[in-house]
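Student: My structure is stored as query-v8.txt, with compact mmCIF, C-alpha atoms.
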# COMPACT_ATOMS: atom_id res chain seq x y z
CA MET S 35 27.27 -30.44 16.47
CA LYS S 36 24.70 -29.09 18.90
CA LYS S 37 23.18 -31.82 21.02
CA ARG S 38 19.46 -32.24 20.39
CA ILE S 39 17.40 -32.22 23.57
CA SER S 40 14.26 -34.27 23.37
CA ILE S 41 10.94 -32.97 24.64
CA PHE S 42 10.26 -36.39 26.18
CA PRO S 43 11.95 -37.81 29.26
CA GLU S 44 14.26 -40.76 28.71
CA GLU S 45 11.92 -43.30 30.30
CA VAL S 46 9.16 -42.33 27.85
CA LEU S 47 11.54 -42.40 24.89
CA GLU S 48 12.51 -45.97 25.71
CA GLU S 49 8.94 -47.00 24.97
CA LEU S 50 8.68 -45.04 21.73
CA SER S 51 10.12 -45.55 18.27
CA VAL S 52 13.42 -43.84 17.50
CA ASN S 53 11.97 -40.97 15.47
CA TYR S 54 10.43 -39.47 18.62
CA ARG S 55 13.99 -38.63 19.68
CA TYR S 56 14.12 -36.14 16.84
CA MET S 57 11.07 -34.16 17.91
CA VAL S 58 12.07 -30.79 19.27
CA GLN S 59 10.10 -28.18 21.13
CA GLU S 60 9.80 -24.68 19.69
CA LEU S 61 7.88 -21.80 21.15
CA ALA S 62 4.74 -20.92 19.21
CA ASN S 63 5.49 -17.20 19.42
CA LYS S 64 8.79 -17.74 17.61
CA GLN S 65 6.94 -18.97 14.52
CA GLY S 66 5.84 -16.24 12.13
CA GLU S 67 2.37 -17.59 11.49
CA LEU S 68 1.73 -18.37 15.14
CA ASN S 69 3.16 -15.16 16.54
CA LEU S 70 -0.31 -13.96 17.39
CA GLY S 71 -2.71 -14.13 20.24
CA GLN S 72 -0.22 -13.30 22.95
CA ARG S 73 -1.99 -10.38 24.56
CA PHE S 74 -5.57 -9.17 24.56
CA SER S 75 -7.13 -5.98 25.82
CA THR S 76 -10.70 -4.70 25.66
CA SER S 77 -12.50 -2.51 23.16
CA ASP S 78 -15.92 -1.12 24.03
CA ILE S 79 -16.76 -0.19 20.47
CA HIS S 80 -16.06 -3.75 19.33
CA ARG S 81 -17.83 -5.10 22.42
CA THR S 82 -15.00 -7.50 23.13
CA SER S 83 -12.54 -8.38 25.84
CA ASP S 84 -10.49 -10.38 23.35
CA TYR S 85 -9.11 -7.39 21.46
CA MET S 86 -5.74 -8.55 20.24
CA THR S 87 -2.75 -6.31 20.93
CA VAL S 88 -0.77 -6.02 17.73
CA ARG S 89 2.14 -3.85 16.71
CA LEU S 90 1.98 -1.62 13.68
CA TYR S 91 3.82 -2.93 10.61
CA LYS S 92 6.10 0.12 10.68
CA PRO S 93 7.59 2.36 13.36
CA ILE S 94 5.17 4.96 14.73
CA SER S 95 7.75 7.72 15.01
CA ASN S 96 11.39 8.35 14.27
CA ILE S 97 12.05 6.59 17.54
CA TYR S 98 12.58 3.12 16.32
CA LEU S 99 14.85 0.28 17.31
CA SER S 100 15.23 -2.67 15.00
CA GLU S 101 15.88 -6.08 16.52
CA LYS S 102 19.50 -5.66 15.40
CA ASP S 103 19.81 -2.28 17.13
CA GLU S 104 18.31 -3.72 20.29
CA ASP S 105 21.05 -6.35 20.36
CA LEU S 106 23.69 -3.65 20.02
CA LEU S 107 22.45 -1.54 22.91
CA MET V 256 0.42 -25.14 -25.72
CA LYS V 257 2.35 -21.97 -24.90
CA THR V 258 4.34 -21.70 -21.68
CA TYR V 259 4.49 -18.52 -19.66
CA PHE V 260 6.75 -17.56 -16.77
CA LYS V 261 4.99 -15.98 -13.83
CA LEU V 262 6.37 -14.52 -10.64
CA TYR V 263 4.36 -15.59 -7.62
CA ALA V 264 1.77 -12.90 -6.90
CA TYR V 265 3.55 -11.74 -3.72
CA ASN V 266 6.78 -11.08 -5.64
CA ILE V 267 6.67 -7.56 -7.03
CA PRO V 268 9.45 -6.32 -9.33
CA VAL V 269 10.46 -2.66 -8.85
CA LYS V 270 12.76 -0.78 -11.18
CA GLY V 271 15.45 1.64 -10.00
CA ALA V 272 17.86 3.80 -11.99
CA SER V 273 20.78 1.37 -11.93
CA ARG V 274 19.29 -1.74 -10.32
CA ALA V 275 15.97 -3.39 -9.84
CA ALA V 276 14.53 -5.44 -7.01
CA ILE V 277 11.97 -8.14 -6.45
CA TYR V 278 10.02 -7.47 -3.26
CA ASN V 279 9.09 -10.80 -1.74
CA LEU V 280 6.15 -9.61 0.36
CA GLN V 281 5.35 -13.03 1.79
CA PHE V 282 8.81 -13.83 3.12
CA LYS V 283 9.52 -10.13 3.79
CA ARG V 284 12.79 -9.85 1.89
CA ILE V 285 14.19 -8.20 -1.21
CA ARG V 286 16.13 -9.84 -4.04
CA LEU V 287 18.18 -7.35 -6.03
CA ILE V 288 18.23 -8.02 -9.77
CA PRO V 289 19.73 -6.32 -12.84
CA VAL V 290 17.54 -3.84 -14.72
CA SER V 291 17.78 -6.11 -17.78
CA LEU V 292 16.04 -8.91 -15.87
CA TYR V 293 13.33 -6.49 -14.73
CA GLU V 294 12.65 -5.60 -18.36
CA ILE V 295 12.61 -9.25 -19.40
CA LEU V 296 10.10 -9.97 -16.61
CA GLN V 297 7.82 -7.23 -17.95
CA GLU V 298 7.87 -8.99 -21.33
CA THR V 299 7.46 -12.55 -20.03
CA ALA V 300 4.48 -11.39 -17.96
CA GLN V 301 2.61 -10.76 -21.21
CA HIS V 302 4.20 -13.00 -23.85
CA PRO V 303 5.11 -16.71 -24.00
CA TYR V 304 8.51 -17.57 -22.57
CA GLU V 305 9.90 -19.14 -25.78
CA GLU V 306 8.83 -16.12 -27.83
CA ILE V 307 10.88 -13.77 -25.63
CA ARG V 308 13.78 -16.24 -25.40
CA SER V 309 14.02 -16.41 -29.21
CA PHE V 310 15.03 -12.73 -29.30
CA TYR V 311 18.32 -13.65 -27.65
CA GLU V 312 21.22 -15.60 -29.17
CA GLY V 313 24.52 -17.10 -28.02
CA ASP V 314 25.80 -15.75 -24.71
CA ASP V 315 22.75 -13.56 -24.27
CA GLN V 316 20.50 -16.64 -24.43
CA GLN V 317 22.70 -18.37 -21.85
CA THR V 318 22.34 -15.37 -19.56
CA PHE V 319 18.59 -15.40 -20.23
CA ASP V 320 18.40 -19.07 -19.24
CA SER V 321 20.50 -18.51 -16.14
CA TYR V 322 18.14 -15.73 -15.01
CA PHE V 323 15.15 -18.05 -15.07
CA GLU V 324 17.04 -20.92 -13.46
CA LEU V 325 17.87 -18.53 -10.64
CA LEU V 326 14.29 -17.29 -10.29
CA GLN V 327 13.03 -20.85 -10.06
CA ALA V 328 15.80 -21.98 -7.71
CA GLU V 329 14.97 -19.13 -5.34
CA GLY V 330 11.27 -19.93 -5.48
CA LEU V 331 10.35 -16.57 -6.98
CA GLY V 332 8.43 -17.77 -10.01
CA PHE V 333 7.17 -20.73 -12.02
CA PHE V 334 6.24 -21.85 -15.54
CA THR V 335 2.60 -22.32 -16.44
CA THR V 336 0.43 -22.91 -19.47
CA THR V 337 -2.54 -21.22 -17.79
CA PRO V 338 -1.33 -17.75 -16.78
CA GLU V 339 -4.92 -16.50 -16.53
CA CYS V 340 -5.34 -18.71 -13.47
CA PHE V 341 -2.79 -16.61 -11.57
CA PRO V 342 -4.05 -13.02 -11.36
CA LYS V 343 -2.06 -10.20 -9.85
CA MET V 344 -2.55 -9.35 -6.21
CA SER V 345 -4.42 -6.15 -5.37
CA LEU V 346 -1.98 -3.45 -4.31
CA GLU V 347 -4.60 -1.15 -2.89
CA TRP V 348 -3.97 0.21 0.62
CA LYS V 349 -6.88 1.04 2.86
CA TYR V 350 -7.22 1.92 6.51
CA PRO V 351 -10.51 2.06 8.44
CA GLY V 352 -10.08 5.47 10.03
CA LEU V 353 -8.88 9.01 9.59
CA LEU V 354 -5.85 8.47 11.81
CA GLN V 355 -3.71 5.38 12.16
CA SER V 356 -1.16 6.49 14.74
CA CYS V 357 -0.33 9.31 17.10
CA VAL V 358 2.72 10.47 18.99
CA LEU V 359 2.13 12.29 22.24
CA GLU V 360 4.82 14.16 24.08
CA TYR V 361 3.72 13.89 27.69
CA PRO V 362 3.01 15.60 30.00
CA PHE V 363 1.35 18.53 28.32
CA ILE V 364 1.60 21.90 29.96
CA LYS V 365 -2.14 21.61 30.44
CA ASP V 366 -2.89 18.04 31.47
CA ASN V 367 -5.68 17.24 29.04
CA THR V 368 -4.35 14.00 27.58
CA THR V 369 -7.12 11.98 29.12
CA SER V 370 -9.75 14.05 27.34
CA LEU V 371 -7.74 13.92 24.12
CA ILE V 372 -7.59 10.13 23.90
CA PRO V 373 -11.33 9.62 23.21
CA HIS V 374 -11.05 12.16 20.34
CA LEU V 375 -8.11 10.24 18.84
CA ALA V 376 -9.96 6.94 19.26
CA ALA V 377 -13.04 8.42 17.57
CA MET V 378 -10.87 9.18 14.52
CA GLY V 379 -9.91 5.50 14.30
CA CYS V 380 -6.42 5.91 15.74
CA ARG V 381 -5.19 2.50 16.87
CA PHE V 382 -1.48 2.95 17.58
CA MET V 383 0.04 5.36 20.05
CA GLU V 384 3.52 6.29 21.13
CA VAL V 385 3.85 8.26 24.32
CA GLN V 386 7.12 10.08 24.95
CA LEU V 387 7.32 10.71 28.65
CA HIS V 388 10.11 13.14 29.46
CA THR V 389 9.18 13.59 33.12
CA TYR V 390 8.54 10.27 34.82
CA SER V 391 5.64 9.92 37.18
CA ALA V 392 4.02 6.59 38.01
CA ALA V 393 0.68 8.24 38.76
CA MET V 394 0.76 10.13 35.46
CA LEU V 395 1.48 6.91 33.54
CA GLU V 396 -1.38 5.06 35.20
CA LYS V 397 -3.78 7.94 34.54
CA LEU V 398 -2.84 7.97 30.87
CA LEU V 399 -3.13 4.20 30.46
CA ASN V 400 -6.43 4.11 32.33
CA SER V 401 -7.85 6.63 29.89
CA ALA V 402 -6.98 4.30 27.00
CA ASN V 403 -8.72 1.31 28.58
CA GLY V 404 -11.63 0.05 26.49
CA THR V 405 -10.75 2.27 23.51
CA ILE V 406 -9.86 1.00 20.05
CA PHE V 407 -6.12 1.46 20.59
CA ARG V 408 -4.38 -1.76 19.70
CA CYS V 409 -0.88 -0.94 20.86
CA ILE V 410 0.67 1.75 23.05
CA ASN V 411 4.44 2.15 23.13
CA LEU V 412 6.01 4.11 25.95
CA VAL V 413 9.31 5.98 25.57
CA ILE V 414 10.41 7.15 29.00
CA ASP V 415 13.35 9.19 30.25
CA TYR V 416 15.09 7.23 33.01
CA HIS V 417 14.41 8.34 36.55
CA PRO V 418 15.97 6.85 39.71
CA ASP V 419 12.46 6.41 41.16
CA MET V 420 11.55 4.17 38.26
CA LYS V 421 11.05 0.64 39.58
CA GLU V 422 11.30 -2.28 37.21
CA ASP V 423 8.67 -4.24 39.15
CA PHE V 424 6.25 -1.38 38.59
CA LEU V 425 6.93 -1.35 34.83
CA ILE V 426 6.43 -5.12 34.64
CA SER V 427 3.18 -4.78 36.55
CA LEU V 428 2.09 -2.07 34.08
CA ILE V 429 2.65 -4.49 31.19
CA ASP V 430 0.61 -7.10 33.03
CA ARG V 431 -2.24 -4.77 33.93
CA TYR V 432 -2.47 -2.68 30.78
CA ARG V 433 -2.67 -5.14 27.92
CA LYS V 434 -2.47 -2.48 25.25
CA ILE V 435 1.20 -1.78 26.05
CA GLY V 436 3.53 -2.97 23.30
CA LYS V 437 7.03 -2.00 24.38
CA ILE V 438 8.57 0.31 26.95
CA HIS V 439 11.80 2.04 25.90
CA ILE V 440 13.81 3.64 28.68
CA TYR V 441 16.45 6.05 27.45
CA ASN V 442 19.31 7.68 29.43
CA ALA V 443 19.36 4.48 31.51
CA PRO V 444 22.43 3.64 33.66
CA GLN V 445 22.95 0.48 31.61
CA SER V 446 21.56 -1.07 28.43
CA GLY V 447 19.59 -4.27 28.34
CA LYS V 448 16.23 -5.96 27.93
CA GLN V 449 13.77 -7.14 30.52
CA ALA V 450 10.32 -8.74 30.61
CA GLY V 451 10.92 -10.86 27.52
CA GLY V 452 12.20 -7.85 25.54
CA ASN V 453 9.13 -5.74 26.30
CA ILE V 454 11.21 -3.33 28.38
CA ILE V 455 14.30 -2.00 26.63
CA TYR V 456 16.90 0.08 28.45
CA SER V 457 19.35 2.22 26.54
CA VAL V 458 22.21 4.31 27.88
CA ARG V 459 21.83 6.69 24.95
CA GLY V 460 19.67 9.80 24.87
CA ILE V 461 16.50 10.12 22.85
CA ASN V 462 18.11 12.19 20.10
CA ASN V 463 20.92 9.81 19.17
CA ILE V 464 19.30 6.50 19.95
CA PHE V 465 17.46 5.93 16.72
CA PRO V 466 18.34 5.79 13.02
CA LEU V 467 17.21 8.33 10.42
CA ASN V 468 16.25 5.63 7.93
CA SER V 469 15.11 2.07 8.33
CA TYR V 470 13.91 -0.57 5.88
CA HIS V 471 10.69 -2.55 6.12
CA VAL V 472 9.54 -5.17 3.66
CA ASN V 473 5.93 -6.21 4.10
CA LEU V 474 2.69 -6.04 2.15
CA SER V 475 1.08 -3.21 4.12
CA PHE V 476 4.20 -1.05 4.02
CA PHE V 477 4.70 -1.68 0.30
CA THR V 478 1.12 -0.91 -0.71
CA GLU V 479 1.00 2.19 1.49
CA SER V 480 4.29 3.41 -0.05
CA LEU V 481 2.81 3.23 -3.54
CA SER V 482 0.48 6.16 -2.80
CA TYR V 483 1.41 7.62 0.57
CA ASN V 484 4.31 8.70 2.71
CA THR V 485 4.74 5.96 5.31
CA TYR V 486 6.20 8.34 7.89
CA TYR V 487 3.52 11.04 7.78
CA ASN V 488 0.43 9.23 6.50
CA LYS V 489 -2.50 9.16 8.93
CA LYS V 490 -0.38 10.29 11.84
CA VAL V 491 -0.69 13.20 14.25
CA CYS V 492 1.94 14.37 16.69
CA ILE V 493 1.20 16.51 19.72
CA SER V 494 4.06 18.28 21.42
CA ARG V 495 4.27 18.90 25.13
CA ASN V 496 2.73 22.37 24.84
CA GLY V 497 -0.19 20.95 22.86
CA ASP V 498 0.91 21.90 19.34
CA ILE V 499 -0.58 19.71 16.61
CA LYS V 500 2.11 18.71 14.11
CA ASN V 501 3.00 16.25 11.37
CA CYS V 502 6.23 15.44 13.22
CA LEU V 503 7.46 16.50 16.64
CA SER V 504 10.73 17.74 15.15
CA HIS V 505 8.93 20.15 12.79
CA ALA V 506 8.63 23.81 13.68
CA GLN V 507 5.29 24.11 11.87
CA SER V 508 2.23 23.76 14.09
CA PHE V 509 -1.30 23.53 12.70
CA GLY V 510 -3.04 24.46 15.93
CA ASN V 511 -3.18 23.63 19.60
CA VAL V 512 -5.21 20.92 21.33
CA ASN V 513 -6.03 23.36 24.13
CA THR V 514 -7.77 25.82 21.83
CA ASP V 515 -8.52 24.12 18.50
CA ASP V 516 -10.63 21.21 17.29
CA ILE V 517 -8.14 18.44 16.54
CA ALA V 518 -10.56 16.60 14.21
CA ALA V 519 -10.97 19.72 12.05
CA ILE V 520 -7.20 20.19 11.85
CA VAL V 521 -6.49 16.55 10.97
CA ASN V 522 -9.22 16.75 8.31
CA SER V 523 -7.68 19.83 6.70
CA LYS V 524 -5.88 19.70 3.36
CA GLU V 525 -2.87 21.55 4.77
CA PHE V 526 -2.33 19.00 7.53
CA GLN V 527 -2.71 16.08 5.12
CA GLN V 528 -0.38 17.51 2.45
CA LEU V 529 2.63 15.41 3.49
CA TRP V 530 0.51 12.26 3.78
CA HIS V 531 0.37 12.03 -0.01
CA VAL V 532 4.09 12.54 -0.66
CA SER V 533 4.86 9.00 -1.75
CA PRO V 534 8.47 7.96 -2.49
CA ASP V 535 7.76 8.44 -6.20
CA LYS V 536 7.32 12.18 -5.54
CA ILE V 537 10.60 12.54 -3.58
CA THR V 538 13.50 13.29 -5.91
CA ASP V 539 16.05 11.70 -3.56
CA LEU V 540 14.15 8.41 -3.45
CA ARG V 541 12.28 7.97 -6.70
CA ASP V 542 15.23 6.45 -8.57
CA SER V 543 15.97 3.90 -5.87
CA GLU V 544 14.72 0.34 -6.23
CA MET V 545 14.41 0.31 -2.40
CA ARG V 546 11.99 3.25 -2.32
CA TYR V 547 8.97 1.15 -1.26
CA ALA V 548 10.86 -0.29 1.71
CA ILE V 549 12.58 2.79 3.12
CA TYR V 550 11.09 4.55 6.12
CA THR V 551 12.67 7.93 6.08
CA THR V 552 11.99 10.40 8.85
CA ALA V 553 13.84 13.31 7.23
CA ALA V 554 12.02 16.61 6.70
CA LEU V 555 10.69 17.29 3.19
CA GLN V 556 10.74 20.45 1.13
CA GLN V 557 8.47 21.12 -1.84
CA ASN V 558 10.16 22.00 -5.14
CA ASN V 559 8.81 24.34 -7.79
CA ASP V 560 7.76 21.44 -10.03
CA GLY V 561 5.57 19.88 -7.33
CA THR V 562 8.08 17.21 -6.33
CA TYR V 563 9.74 17.06 -2.90
CA SER V 564 13.33 16.89 -1.70
CA ILE V 565 14.76 15.66 1.54
CA THR V 566 16.25 18.48 3.59
CA ARG V 567 19.43 17.45 5.39
Rewrite the structure from the file as structure tokens, please.
Tutor:
Amino acid sequence: MKKRISIFPEEVLEELSVNYRYMVQELANKQGELNLGQRFSTSDIHRTSDYMTVRLYKPISNIYLSEKDEDLL
Amino acid sequence: MKTYFKLYAYNIPVKGASRAAIYNLQFKRIRLIPVSLYEILQETAQHPYEEIRSFYEGDDQQTFDSYFELLQAEGLGFFTTTPECFPKMSLEWKYPGLLQSCVLEYPFIKDNTTSLIPHLAAMGCRFMEVQLHTYSAAMLEKLLNSANGTIFRCINLVIDYHPDMKEDFLISLIDRYRKIGKIHIYNAPQSGKQAGGNIIYSVRGINNIFPLNSYHVNLSFFTESLSYNTYYNKKVCISRNGDIKNCLSHAQSFGNVNTDDIAAIVNSKEFQQLWHVSPDKITDLRDSEMRYAIYTTAALQQNNDGTYSITR
């Protein structure tokens, strides 16, 4: 079984109840709903410097690598 | 009170010739089902569950029950006494612009990319792929500078490897030009990923690096597939000598950016013909239950009856 690594240091955990040992840290950008807001550019027409960079929901051309293909490179 | 069985609105059943599928557009996956279950689901969508169940007896009723146990266990549907409270989701696809994406083969024989980009942006084009076959750092910067402040939301770079190519420079490009999505380097000495997967090196060449077909399950792709061809729709490709095409691999050119008005060409019926060739109009795809998930880049040929076939 994979050992769970706590997000708190041991000295802090000693002061907390046992369930805090089960809290794990996960990167926000690995969560589907939070996988946003990583990069922003500018758009003059929208008058914003917080113009979110997003990928298209499909490949743009026939040049496309799926995540699986990328792992097989 | 009568009980109805409803699929959740984001689960869309699609019938194929020998199988059917439920497209789960929220969780982005497909559940294959028998055609018989697809037909039952069409009935239960309109009539009370018990009324449909009573048509079946013995083993058939057991199979019927097992179907609905499975659908519930997999979280695909639910029973309700108020089906009118759960309307169907709109499957209309809209895009705010004449163009959605463009593919530029760079550099052009005449270097007019920088003047072309404002025209593409004016047509609402938000996604760009630049295929750079002759690497030049200055050329890359000039191109990316011209896209600064435009409505492009993502620019992917596909670059032929060059010994002068420095990884630090590519990483600095990603930092400085926030519209960059990914950088693919082909013909690289070794494969791998850098900069958190934003730079991808591949030892393979551009022509054998990528698949002919790929599958995508999501709401936008599904709704677009219902009426349009997801490969050609709202896309323009410009080859290195400036030819305006539906796809870079096509021989047919509709004009040249050096001499013609690109907006007039993109607006023409001839250029947009392939945009409307949805999977239902392609004989090779229309019987497949996966037709609204497949992204096929194969060339199409029009048949005498108005349908299209994939040319191998």
Student: Using 6 Å as the limit and counting only C-alpha atoms, can you tabulate each residue of chain V that touches chain S, with its shortest atom-to-atom distance in Å and the two atoms involved, as JSON lines?
Tutor:
{"residue": "V:Gly404", "atom": "CA", "partner": "S:Ser77", "partner_atom": "CA", "distance": 4.3}
{"residue": "V:Thr405", "atom": "CA", "partner": "S:Ser77", "partner_atom": "CA", "distance": 5.1}
{"residue": "V:Ile406", "atom": "CA", "partner": "S:Ser77", "partner_atom": "CA", "distance": 5.4}
{"residue": "V:Arg408", "atom": "CA", "partner": "S:Thr87", "partner_atom": "CA", "distance": 5.0}
{"residue": "V:Cys409", "atom": "CA", "partner": "S:Thr87", "partner_atom": "CA", "distance": 5.7}
{"residue": "V:Arg433", "atom": "CA", "partner": "S:Ser75", "partner_atom": "CA", "distance": 5.0}
{"residue": "V:Lys434", "atom": "CA", "partner": "S:Thr87", "partner_atom": "CA", "distance": 5.8}
{"residue": "V:Ser446", "atom": "CA", "partner": "S:Leu107", "partner_atom": "CA", "distance": 5.6}
{"residue": "V:Phe465", "atom": "CA", "partner": "S:Ile97", "partner_atom": "CA", "distance": 5.5}
{"residue": "V:Thr552", "atom": "CA", "partner": "S:Asn96", "partner_atom": "CA", "distance": 5.8}
Student: Using all atoms listed in the file, which protein or nucleic acid residues come within 9 Å of Cys380 (chain V)? Drop anything in the same chain fewer than 6 positions from it, and give the result as a list in words.
Tutor: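 Residues meeting the cut-off are Gly352, Leu353, Leu354, Gln355, Ser356, Cys357, Ile406, Phe407, Arg408, Lys489 and Lys490 of chain V.
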Student: Smallest atom-to-atom distance to Phe334 (chain V): which of V:Asn496, V:Thr299, V:Asn559, V:Gln449, using all atoms listed in the file?
Tutor: V:Thr299
Student: Extract, using only C-alpha atoms, all DNA, RNA and protein residues at most 12 Å from Ala518 (chain V), discarding same-chain residues fewer than 6 positions from it, and format them as a PyMOL selection string.
Tutor: chain V and resi 352-354+371+373-380+491+499+509-512+526
Student: Using all atoms listed in the file, can you list as a list in words the residues within 8 Å of (13.3, 17.4, 4.9)?
Tutor: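 With a cut-off of 8 Å, the residues come to Ala553, Ala554, Leu555, Gln556, Ser564, Ile565, Thr566 and Arg567 of chain V.
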Student: With distances taken over all atoms listed in the file, which of V:Leu398, V:Leu296, V:Asn488, V:Ile493 is nearest to Trp530 (chain V)?
Tutor: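 Nearest to Trp530 (chain V): V:Asn488.
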Student: With only C-alpha atoms as the counted atoms, please give the residues lying no more than 9 Å from Ile435 (chain V), apart from itself and same-chain residues fewer than 3 positions off, as a PyMOL selection string.
Tutor: (chain S and resi 87) or (chain V and resi 399+408-412+428-430+432+438+453)
Student: Find the residues around Tyr54 (chain S) up to 12 Å (all atoms listed in the file counted), leave out those fewer than 2 positions away in its own chain, and share them as number ranges by chain.
Tutor: S: 38-44, 46-52, 56-59
Student: Do you know which residues are at most 12 Å from Leu326 (chain V) counting all atoms listed in the file, after dropping those on the same chain fewer than 4 positions away, and could you put them as a PyMOL selection string?
Tutor: chain V and resi 260-263+266+277+279+286-288+292-293+296+319-322+330-334
Student: What are the closest atom pairs, with distances in Å to one decimal, for each residue of region 378-497 of chain V lying within 10 Å of region 281-284 of chain V, using all atoms listed in the file, rows by chain and rising residue number, as a Markdown table?
Tutor:
| residue | atom | partner | partner_atom | distance |
| --- | --- | --- | --- | --- |
| V:His471 | CA | V:Lys283 | CA | 8.0 |
| V:Val472 | CA | V:Lys283 | CA | 5.0 |
| V:Asn473 | CA | V:Lys283 | CA | 5.3 |
| V:Leu474 | CA | V:Gln281 | CA | 7.5 |
Student: What does the structure give for the distance between CA of Ala275 (chain V) and CA of Glu324 (chain V), in Å to one decimal?
Tutor: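 CA of Glu324 (chain V) lies at a distance of 17.9 Å from CA of Ala275 (chain V).
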Student: What does the structure give for the distance between CA of Pro444 (chain V) and CA of Val458 (chain V), in Å to one decimal?
Tutor: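 Interatomic distance here is 5.8 Å.
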Student: Looking at V:Leu387, V:Met256, V:Ile267, V:Ile440, which one is nearest to Arg495 (chain V), with distances taken over all atoms listed in the file?
Tutor: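 That would be V:Leu387, the residue with the smallest distance to Arg495 (chain V).
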